[in-house]
file work_31.tsv (TSV, C-alpha atoms and all ligand atoms)
chain	number	residue	atom	x	y	z
A	1	MET	CA	78.37	52.40	-15.60
A	2	TYR	CA	76.02	52.99	-18.54
A	3	LYS	CA	77.01	49.76	-20.26
A	4	ASP	CA	74.00	47.84	-21.87
A	5	ARG	CA	71.63	50.67	-21.02
A	6	LEU	CA	69.57	52.67	-23.46
A	7	ILE	CA	69.56	56.28	-22.61
A	8	PHE	CA	67.52	58.91	-24.39
A	9	MET	CA	68.70	62.41	-24.49
A	10	ILE	CA	66.33	65.27	-25.33
A	11	SER	CA	67.89	68.58	-26.23
A	12	SER	CA	66.16	71.90	-25.95
A	13	PRO	CA	67.26	75.49	-25.87
A	14	TYR	CA	67.20	75.22	-22.11
A	15	GLY	CA	69.53	72.25	-21.87
A	16	HIS	CA	69.61	68.40	-22.17
A	17	LYS	CA	67.39	65.86	-20.47
A	18	TYR	CA	68.32	62.15	-20.08
A	19	TYR	CA	65.84	59.34	-19.78
A	20	ASN	CA	66.88	55.87	-18.56
A	21	ILE	CA	64.58	53.50	-20.58
A	22	SER	CA	65.51	50.28	-18.77
A	23	LEU	CA	64.60	51.84	-15.40
A	24	PHE	CA	61.23	52.80	-16.86
A	25	PHE	CA	60.56	49.20	-18.00
A	26	LYS	CA	61.78	47.83	-14.71
A	27	ASN	CA	59.16	49.93	-12.91
A	28	ILE	CA	56.43	48.80	-15.29
A	29	ILE	CA	57.32	45.13	-14.70
A	30	ILE	CA	57.27	45.63	-10.93
A	31	TYR	CA	53.81	47.28	-11.13
A	32	PHE	CA	52.57	44.51	-13.39
A	33	ILE	CA	53.80	41.70	-11.08
A	34	THR	CA	52.29	43.45	-8.07
A	35	PHE	CA	49.00	43.73	-9.95
A	36	ILE	CA	48.99	39.99	-10.90
A	37	LEU	CA	49.90	38.96	-7.34
A	38	SER	CA	47.05	41.07	-5.92
A	39	ILE	CA	44.58	39.42	-8.35
A	40	ILE	CA	45.83	35.92	-7.41
A	41	PHE	CA	45.53	36.82	-3.74
A	42	PHE	CA	42.01	38.19	-4.29
A	43	ILE	CA	40.92	35.01	-6.17
A	44	PHE	CA	42.42	32.89	-3.42
A	45	VAL	CA	40.51	34.79	-0.72
A	46	VAL	CA	37.22	34.56	-2.69
A	47	LEU	CA	37.69	30.82	-3.38
A	48	HIS	CA	38.52	30.18	0.24
A	49	SER	CA	35.38	31.93	1.49
A	50	PHE	CA	33.29	30.06	-1.12
A	51	THR	CA	34.73	26.72	0.01
A	52	MET	CA	33.97	27.62	3.61
A	53	GLU	CA	30.40	28.52	2.68
A	54	ILE	CA	29.91	25.32	0.63
A	55	SER	CA	31.16	23.11	3.44
A	56	ASP	CA	28.92	25.04	5.82
A	57	ILE	CA	25.89	24.38	3.52
A	58	GLU	CA	26.90	20.74	3.16
A	59	ASN	CA	26.98	20.36	6.93
A	60	LYS	CA	23.59	22.02	7.25
A	61	TYR	CA	22.23	19.73	4.48
A	62	LYS	CA	23.55	16.62	6.23
A	63	PHE	CA	22.03	17.79	9.49
A	64	ILE	CA	18.64	18.48	7.86
A	65	GLN	CA	18.76	15.14	6.04
A	66	LYS	CA	19.46	13.36	9.34
A	67	ASP	CA	16.53	15.20	10.93
A	68	TYR	CA	14.30	14.34	7.98
A	69	GLN	CA	15.29	10.65	8.12
A	70	ALA	CA	14.54	10.60	11.85
A	71	LEU	CA	11.10	12.13	11.20
A	72	LEU	CA	10.48	9.66	8.38
A	73	ASN	CA	11.37	6.74	10.65
A	74	LYS	CA	9.14	8.11	13.38
A	75	HIS	CA	6.31	8.51	10.86
A	76	SER	CA	6.56	4.93	9.61
A	77	ASP	CA	6.81	3.71	13.23
A	78	LEU	CA	3.64	5.61	14.11
A	79	SER	CA	1.84	4.37	10.98
A	80	ASN	CA	2.76	0.81	11.91
A	81	GLN	CA	1.56	1.35	15.46
A	82	ILE	CA	-1.73	2.77	14.16
A	83	ALA	CA	-2.21	-0.23	11.84
A	84	ILE	CA	-1.48	-2.64	14.72
A	85	LYS	CA	-3.87	-0.75	17.02
A	86	GLN	CA	-6.57	-0.86	14.32
A	87	GLU	CA	-6.11	-4.62	13.99
A	88	GLU	CA	-6.22	-5.00	17.77
A	89	THR	CA	-9.43	-2.96	17.90
A	90	ILE	CA	-11.00	-5.25	15.32
A	91	LEU	CA	-9.85	-8.29	17.30
A	92	VAL	CA	-11.21	-6.85	20.55
A	93	ALA	CA	-14.52	-6.13	18.80
A	94	ASP	CA	-14.52	-9.78	17.65
A	95	LYS	CA	-13.82	-11.00	21.18
A	96	ILE	CA	-16.66	-8.83	22.58
A	97	GLU	CA	-18.98	-10.22	19.95
A	98	ASP	CA	-17.89	-13.78	20.81
A	99	LEU	CA	-18.46	-13.10	24.52
A	100	GLU	CA	-21.85	-11.60	23.74
A	101	SER	CA	-22.90	-14.69	21.83
A	102	ALA	CA	-21.45	-16.90	24.61
A	103	ILE	CA	-23.57	-15.25	27.33
A	104	GLY	CA	-26.54	-14.90	25.01
A	105	ILE	CA	-26.77	-11.11	24.58
A	106	ASN	CA	-26.12	-11.26	20.88
A	107	ASP	CA	-27.94	-14.14	19.24
A	108	ASN	CA	-26.45	-14.52	15.77
A	109	THR	CA	-29.46	-16.54	14.62
A	110	GLN	CA	-31.91	-13.70	15.08
A	111	ASN	CA	-31.23	-12.63	11.45
A	112	TYR	CA	-31.99	-8.96	12.19
A	113	GLY	CA	-35.71	-9.78	12.34
A	114	LEU	CA	-35.87	-9.60	8.57
A	115	LYS	CA	-38.04	-11.55	6.21
A	116	SER	CA	-36.06	-14.72	5.51
A	117	ARG	CA	-38.31	-16.47	2.99
A	118	VAL	CA	-36.94	-16.13	-0.51
A	119	GLU	CA	-39.23	-16.41	-3.52
A	120	LEU	CA	-37.01	-18.82	-5.41
A	121	ALA	CA	-39.22	-19.14	-8.50
A	122	SER	CA	-38.80	-15.45	-9.33
A	123	ILE	CA	-34.98	-15.49	-9.47
A	124	THR	CA	-33.72	-14.96	-13.03
A	125	GLY	CA	-30.52	-16.30	-14.59
A	126	LEU	CA	-29.13	-12.79	-14.83
A	127	GLN	CA	-29.77	-12.21	-11.11
A	128	LYS	CA	-27.87	-15.40	-10.34
A	129	LEU	CA	-24.92	-14.35	-12.52
A	130	PHE	CA	-24.91	-10.94	-10.88
A	131	ILE	CA	-24.94	-12.44	-7.38
A	132	MET	CA	-22.20	-14.99	-8.14
A	133	LYS	CA	-19.99	-12.17	-9.40
A	134	PHE	CA	-20.44	-9.72	-6.55
A	135	ILE	CA	-21.05	-11.84	-3.45
A	136	PRO	CA	-18.26	-14.11	-2.11
A	137	ASN	CA	-18.70	-17.71	-3.28
A	138	GLY	CA	-16.46	-20.69	-4.04
A	139	TYR	CA	-13.00	-21.48	-2.68
A	140	PRO	CA	-10.15	-18.96	-2.51
A	141	LEU	CA	-7.71	-21.80	-3.33
A	142	GLU	CA	-7.64	-24.09	-6.36
A	143	LYS	CA	-6.23	-26.87	-4.19
A	144	PHE	CA	-5.55	-27.46	-0.49
A	145	ASN	CA	-4.71	-30.49	1.64
A	146	ARG	CA	-7.60	-30.40	4.12
A	147	ILE	CA	-9.77	-28.12	6.29
A	148	SER	CA	-7.46	-27.95	9.32
A	149	SER	CA	-9.85	-25.91	11.45
A	150	PRO	CA	-13.51	-25.13	10.68
A	151	TYR	CA	-15.51	-22.00	11.50
A	152	GLY	CA	-17.00	-21.90	14.99
A	153	TYR	CA	-16.02	-22.60	18.60
A	154	ARG	CA	-12.81	-24.60	19.07
A	155	ILE	CA	-9.91	-25.17	21.42
A	156	HIS	CA	-7.24	-22.82	20.08
A	157	PRO	CA	-4.13	-24.84	19.03
A	158	LEU	CA	-1.71	-22.26	20.46
A	159	SER	CA	-3.44	-20.85	23.58
A	160	ASN	CA	-5.31	-24.09	24.48
A	161	THR	CA	-8.45	-22.15	25.47
A	162	LYS	CA	-11.98	-22.38	24.05
A	163	GLU	CA	-12.67	-19.57	21.64
A	164	MET	CA	-14.51	-18.57	18.50
A	165	HIS	CA	-12.69	-19.33	15.25
A	166	THR	CA	-13.84	-16.57	12.91
A	167	GLY	CA	-12.86	-18.21	9.61
A	168	THR	CA	-12.08	-21.50	7.88
A	169	ASP	CA	-8.48	-22.78	7.90
A	170	MET	CA	-7.24	-24.69	4.89
A	171	ALA	CA	-3.89	-26.47	5.24
A	172	THR	CA	-1.81	-25.88	2.09
A	173	ASP	CA	1.73	-25.93	0.83
A	174	LYS	CA	3.48	-22.59	1.25
A	175	ASN	CA	3.07	-20.22	-1.75
A	176	THR	CA	-0.20	-21.70	-3.04
A	177	PRO	CA	-1.98	-18.99	-5.14
A	178	VAL	CA	-4.94	-17.29	-3.41
A	179	TYR	CA	-7.84	-15.92	-5.49
A	180	ALA	CA	-10.54	-13.31	-4.76
A	181	THR	CA	-13.93	-14.99	-4.18
A	182	ALA	CA	-15.91	-12.05	-5.67
A	183	ASP	CA	-15.38	-8.69	-7.37
A	184	GLY	CA	-14.34	-5.97	-4.95
A	185	VAL	CA	-11.73	-3.45	-3.89
A	186	ILE	CA	-8.66	-4.17	-1.74
A	187	ASP	CA	-9.33	-2.50	1.60
A	188	PHE	CA	-6.20	-3.68	3.45
A	189	ALA	CA	-3.01	-5.44	2.28
A	190	LYS	CA	-0.13	-5.50	4.74
A	191	ASP	CA	2.79	-7.57	6.01
A	192	GLY	CA	3.40	-7.92	9.72
A	193	TRP	CA	1.79	-9.39	12.83
A	194	ASN	CA	-1.57	-7.63	12.27
A	195	GLY	CA	-3.06	-8.78	15.57
A	196	GLY	CA	-2.20	-12.43	14.86
A	197	TYR	CA	-3.56	-12.51	11.30
A	198	GLY	CA	-0.02	-12.10	9.97
A	199	THR	CA	0.32	-10.89	6.39
A	200	ILE	CA	-3.28	-10.28	5.37
A	201	VAL	CA	-5.46	-9.07	2.47
A	202	LYS	CA	-8.99	-7.78	3.08
A	203	ILE	CA	-11.42	-7.20	0.22
A	204	ASP	CA	-14.46	-4.95	0.39
A	205	HIS	CA	-17.30	-6.39	-1.72
A	206	SER	CA	-20.70	-4.95	-2.66
A	207	PHE	CA	-23.80	-5.03	-0.40
A	208	GLY	CA	-21.90	-5.11	2.95
A	209	PHE	CA	-19.73	-8.20	2.39
A	210	LYS	CA	-16.02	-8.47	3.15
A	211	THR	CA	-13.46	-11.27	2.88
A	212	TYR	CA	-10.17	-11.80	4.79
A	213	TYR	CA	-7.23	-13.89	3.56
A	214	ALA	CA	-4.72	-14.34	6.40
A	215	HIS	CA	-1.32	-15.89	7.37
A	216	LEU	CA	-0.07	-15.14	3.81
A	217	ASN	CA	3.50	-15.43	2.65
A	218	SER	CA	3.28	-12.62	0.06
A	219	ILE	CA	0.75	-10.20	-1.43
A	220	ALA	CA	0.12	-9.59	-5.16
A	221	VAL	CA	-2.19	-6.53	-4.81
A	222	LYS	CA	-2.23	-3.20	-2.96
A	223	ARG	CA	-4.82	-1.15	-1.09
A	224	GLY	CA	-7.24	0.51	-3.54
A	225	ASP	CA	-6.85	-2.06	-6.33
A	226	PHE	CA	-10.13	-3.22	-7.88
A	227	VAL	CA	-10.14	-7.00	-8.31
A	228	ARG	CA	-12.36	-9.44	-10.17
A	229	LYS	CA	-13.65	-12.76	-8.91
A	230	GLY	CA	-10.93	-15.36	-9.49
A	231	GLN	CA	-8.09	-12.81	-9.65
A	232	LEU	CA	-4.79	-13.79	-8.00
A	233	ILE	CA	-4.32	-11.67	-4.87
A	234	ALA	CA	-1.67	-13.43	-2.76
A	235	TYR	CA	0.28	-16.60	-1.88
A	236	THR	CA	-0.30	-18.71	1.24
A	237	GLY	CA	2.19	-18.78	4.11
A	238	ASN	CA	2.66	-19.26	7.83
A	239	THR	CA	2.79	-15.68	9.20
A	240	GLY	CA	1.18	-14.30	12.38
A	241	ALA	CA	-0.32	-16.64	15.01
A	242	SER	CA	-0.04	-19.76	12.86
A	243	SER	CA	1.34	-23.21	13.62
A	244	GLY	CA	1.80	-24.40	10.01
A	245	PRO	CA	1.27	-23.20	6.43
A	246	HIS	CA	-2.47	-22.57	5.91
A	247	LEU	CA	-4.97	-20.02	4.65
A	248	HIS	CA	-7.42	-18.48	7.12
A	249	TYR	CA	-10.42	-17.42	5.02
A	250	GLU	CA	-13.06	-15.25	6.59
A	251	VAL	CA	-16.37	-13.88	5.25
A	252	ARG	CA	-17.91	-10.88	6.99
A	253	PHE	CA	-21.26	-9.19	6.65
A	254	LEU	CA	-21.86	-5.73	8.17
A	255	GLY	CA	-18.60	-6.11	10.11
A	256	SER	CA	-19.47	-9.46	11.75
A	257	HIS	CA	-17.90	-12.76	10.75
A	258	ILE	CA	-20.32	-15.29	9.29
A	259	ASN	CA	-19.81	-18.95	8.42
A	260	SER	CA	-17.26	-18.91	5.58
A	261	LYS	CA	-17.86	-22.62	4.85
A	262	ASN	CA	-21.41	-21.88	3.60
A	263	PHE	CA	-19.99	-19.39	1.12
A	264	MET	CA	-17.09	-21.63	0.00
A	265	GLU	CA	-19.48	-24.49	-0.81
A	266	TRP	CA	-21.86	-22.14	-2.65
A	267	ASP	CA	-21.95	-22.27	-6.49
A	268	MET	CA	-24.44	-22.19	-9.40
A	269	SER	CA	-25.36	-25.87	-8.93
A	270	ASN	CA	-26.64	-25.35	-5.35
A	271	PHE	CA	-27.59	-21.68	-5.69
A	272	ASP	CA	-30.63	-21.83	-3.35
A	273	LYS	CA	-28.88	-23.61	-0.44
A	274	ILE	CA	-27.28	-20.44	0.96
A	275	PHE	CA	-30.72	-18.90	1.68
A	276	GLN	CA	-31.42	-21.58	4.29
A	277	LYS	CA	-27.86	-21.92	5.58
A	278	GLU	CA	-27.04	-18.25	6.10
A	279	LYS	CA	-29.76	-16.52	8.09
A	280	ASN	CA	-27.81	-13.34	8.90
A	281	VAL	CA	-28.34	-11.89	5.41
A	282	ALA	CA	-31.73	-10.51	4.31
A	283	TRP	CA	-31.55	-12.38	1.01
A	284	GLN	CA	-34.99	-11.44	-0.33
A	285	SER	CA	-34.25	-7.77	0.20
A	286	LEU	CA	-30.87	-8.19	-1.48
A	287	LEU	CA	-32.43	-10.03	-4.45
A	288	THR	CA	-35.00	-7.24	-4.88
A	289	THR	CA	-32.24	-4.61	-4.82
A	290	ILE	CA	-30.23	-6.53	-7.42
A	291	ASN	CA	-33.37	-6.97	-9.56
A	292	ASN	CA	-33.95	-3.21	-9.49
A	293	LEU	CA	-30.34	-2.61	-10.53
A	294	ILE	CA	-30.60	-5.06	-13.42
A	295	GLN	CA	-33.88	-3.52	-14.64
A	296	GLN	CA	-32.12	-0.18	-15.01
A	297	ILE	CA	-29.75	-1.71	-17.59
A	298	PRO	CA	-31.23	-1.62	-21.17
A	299	MET	CA	-32.32	-4.99	-22.59
A	300	GLU	CA	-29.62	-5.27	-25.32
A	301	GLN	CA	-26.88	-4.73	-22.76
A	302	GLN	CA	-28.39	-7.40	-20.52
A	303	LEU	CA	-28.38	-9.87	-23.41
A	304	SER	CA	-24.79	-9.10	-24.47
A	305	ARG	CA	-23.69	-9.34	-20.84
A	306	LEU	CA	-25.38	-12.70	-20.47
A	307	GLU	CA	-23.64	-13.93	-23.63
A	308	GLN	CA	-20.29	-12.64	-22.40
A	309	ASN	CA	-20.71	-14.33	-19.04
A	310	SER	CA	-21.73	-17.65	-20.54
A	311	LYS	CA	-18.63	-17.50	-22.79
A	312	GLU	CA	-16.41	-16.76	-19.79
A	313	SER	CA	-17.80	-19.56	-17.62
A	401	ZN	ZN	-7.96	-19.50	11.25
call {"tool": "encode", "arguments": {"input": "work_31.tsv", "output": "structure tokens", "more": "lines below"}}
Ligand SMILES: [Zn+2]
result
Amino acid sequence: MYKDRLIFMISSPYGHKYYNISLFFKNIIIYFITFILSIIFFIFVVLHSFTMEISDIENKYKFIQKDYQALLNKHSDLSNQIAIKQEETILVADKIEDLESAIGINDNTQNYGLKSRVELASITGLQKLFIMKFIPNGYPLEKFNRISSPYGYRIHPLSNTKEMHTGTDMATDKNTPVYATADGVIDFAKDGWNGGYGTIVKIDHSFGFKTYYAHLNSIAVKRGDFVRKGQLIAYTGNTGASSGPHLHYEVRFLGSHINSKNFMEWDMSNFDKIFQKEKNVAWQSLLTTINNLIQQIPMEQQLSRLEQNSKES
């Protein structure tokens, strides 16, 4: 019975005591295994609850992300709708203005009752340079096939009704580069229908002038960009209410469209012509303002600027 077992015997005056060593170790091993199993079980329970919590958080995250995406979509939808409404408002304002001129309420030739005579002899070279830099002049395209529709009243090619054409249309090949006609800041640059204008760039210039470049294929600038005269801003296309690739170029003064042809044909060689052709701008007052601005610049700077400009042109 006691084969292969180690048995200790302790003797004392009161008798003998036996200790079964292998039983002792057996107990220790059982305790140890129980301990390890409890730890494994504990880790398993903790891990399981962590996994549950993580998957719960993941679900919540997905749900929030979905919600966020929906809000984002709604936001961009609303922004688009606002942009379209703004364009429509501008178009409606145009239509009202056209109607007003048709029934004679708003006579565009009244030139705001301002002094229209310009003292040509007093215009300096620097004033001319200043004006040709900041006020729209020249063509927005280096080349185009023909003027397909001039500024003024016309039978609209798509709707077949008589209406005011607010700009000059130049038939071009698609993707012809479009250039800014004066220094300014991009006020609007957007793809889409835009009330029929299609993809359009609008530039805010100094002294109340604005230019529109419409039916574009693509845009090379963004809202807020400052641009110089002659800078590439876009490429022509056939977007919006357009029946073939062309650029619709519009010049505006104080929010009203004026004859863009006068401004396209305007350059240094015929500098004075615009004063007779365009009666909606108080040119003398503008020249005086520009003269005052120039006089505030010290003489050396004026000279170096003149030199710079003559080198550039
Ligand atoms: Zn047009």
call {"tool": "residues_near_ligand", "arguments": {"input": "work_31.tsv", "ligand": "ligand ZN 401 (chain A)", "cutoff": "8 Å", "atoms": "only C-alpha atoms and all ligand atoms", "output": "PyMOL selection string"}}
result
chain A and resi 149-151+165-169+214+247-249
call {"tool": "atom_distance", "arguments": {"input": "work_31.tsv", "atom1": "CA of Gly237 in chain A", "atom2": "CA of Asn175 in chain A"}}
result
6.1 Å
call {"tool": "residues_near_point", "arguments": {"input": "work_31.tsv", "point": "(1.7, -15.2, -7.7)", "cutoff": "7 Å", "atoms": "only C-alpha atoms", "output": "list in words"}}
result
Pro177, Ala220, Leu232, Ala234 and Tyr235 of chain A
call {"tool": "atom_distance", "arguments": {"input": "work_31.tsv", "atom1": "CA of His48 in chain A", "atom2": "CA of Ile29 in chain A"}}
result
28.3 Å
call {"tool": "residues_around", "arguments": {"input": "work_31.tsv", "residues": "range 17-24 of chain A", "least_positions_apart": "5", "cutoff": "7 Å", "atoms": "all atoms listed in the file", "output": "compact mmCIF listing (two decimals) with C-alpha atoms, in the frame of the given file"}}
result
# COMPACT_ATOMS: atom_id res chain seq x y z
CA ARG A 5 71.63 50.67 -21.02
CA LEU A 6 69.57 52.67 -23.46
CA ILE A 7 69.56 56.28 -22.61
CA PHE A 8 67.52 58.91 -24.39
CA MET A 9 68.70 62.41 -24.49
CA ILE A 10 66.33 65.27 -25.33
CA SER A 11 67.89 68.58 -26.23
call {"tool": "closest_residue", "arguments": {"input": "work_31.tsv", "among": "A:Gly230, A:Gly192, A:Gly15, A:Pro298", "to": "Ala180 in chain A", "atoms": "only C-alpha atoms"}}
result
A:Gly230
call {"tool": "residues_around", "arguments": {"input": "work_31.tsv", "residues": "Val227 in chain A", "least_positions_apart": "5", "cutoff": "10 Å", "atoms": "all atoms listed in the file", "output": "PyMOL selection string"}}
result
chain A and resi 179-186+203-205+221+232-233
call {"tool": "axis_aligned_box", "arguments": {"input": "work_31.tsv", "around": "range 175-189 of chain A", "padding_each_side": "3 Å", "output": "AutoDock Vina command-line options"}}
result
--center_x -6.4 --center_y -12.1 --center_z -2.0 --size_x 25.0 --size_y 25.2 --size_z 16.8
call {"tool": "closest_residue", "arguments": {"input": "work_31.tsv", "among": "A:Glu119, A:Glu250, A:Asp272, A:Glu88", "to": "Trp193 in chain A", "atoms": "all atoms listed in the file"}}
result
A:Glu88
call {"tool": "closest_residue", "arguments": {"input": "work_31.tsv", "among": "A:Ile123, A:Leu216, A:Val118, A:Ala70", "to": "His246 in chain A", "atoms": "all atoms listed in the file"}}
result
A:Leu216
call {"tool": "atom_distance", "arguments": {"input": "work_31.tsv", "atom1": "CA of Phe226 in chain A", "atom2": "CA of Asn270 in chain A"}}
result
27.7 Å
call {"tool": "closest_residue", "arguments": {"input": "work_31.tsv", "among": "A:Gly195, A:Lys261, A:Arg252, A:Ser304", "to": "Gln86 in chain A", "atoms": "only C-alpha atoms"}}
result
A:Gly195
call {"tool": "closest_residue", "arguments": {"input": "work_31.tsv", "among": "A:Asn73, A:Ser159, A:Ser206, A:Thr236", "to": "Leu254 in chain A", "atoms": "only C-alpha atoms"}}
result
A:Ser206
call {"tool": "residues_around", "arguments": {"input": "work_31.tsv", "residues": "Thr172 in chain A", "least_positions_apart": "2", "cutoff": "6 Å", "atoms": "only C-alpha atoms", "output": "list in words"}}
result
Phe144, Asn145, Pro245 and His246 of chain A
call {"tool": "closest_residue", "arguments": {"input": "work_31.tsv", "among": "A:Asn217, A:Thr124, A:Thr176, A:Gln231", "to": "Lys143 in chain A", "atoms": "all atoms listed in the file"}}
result
A:Thr176
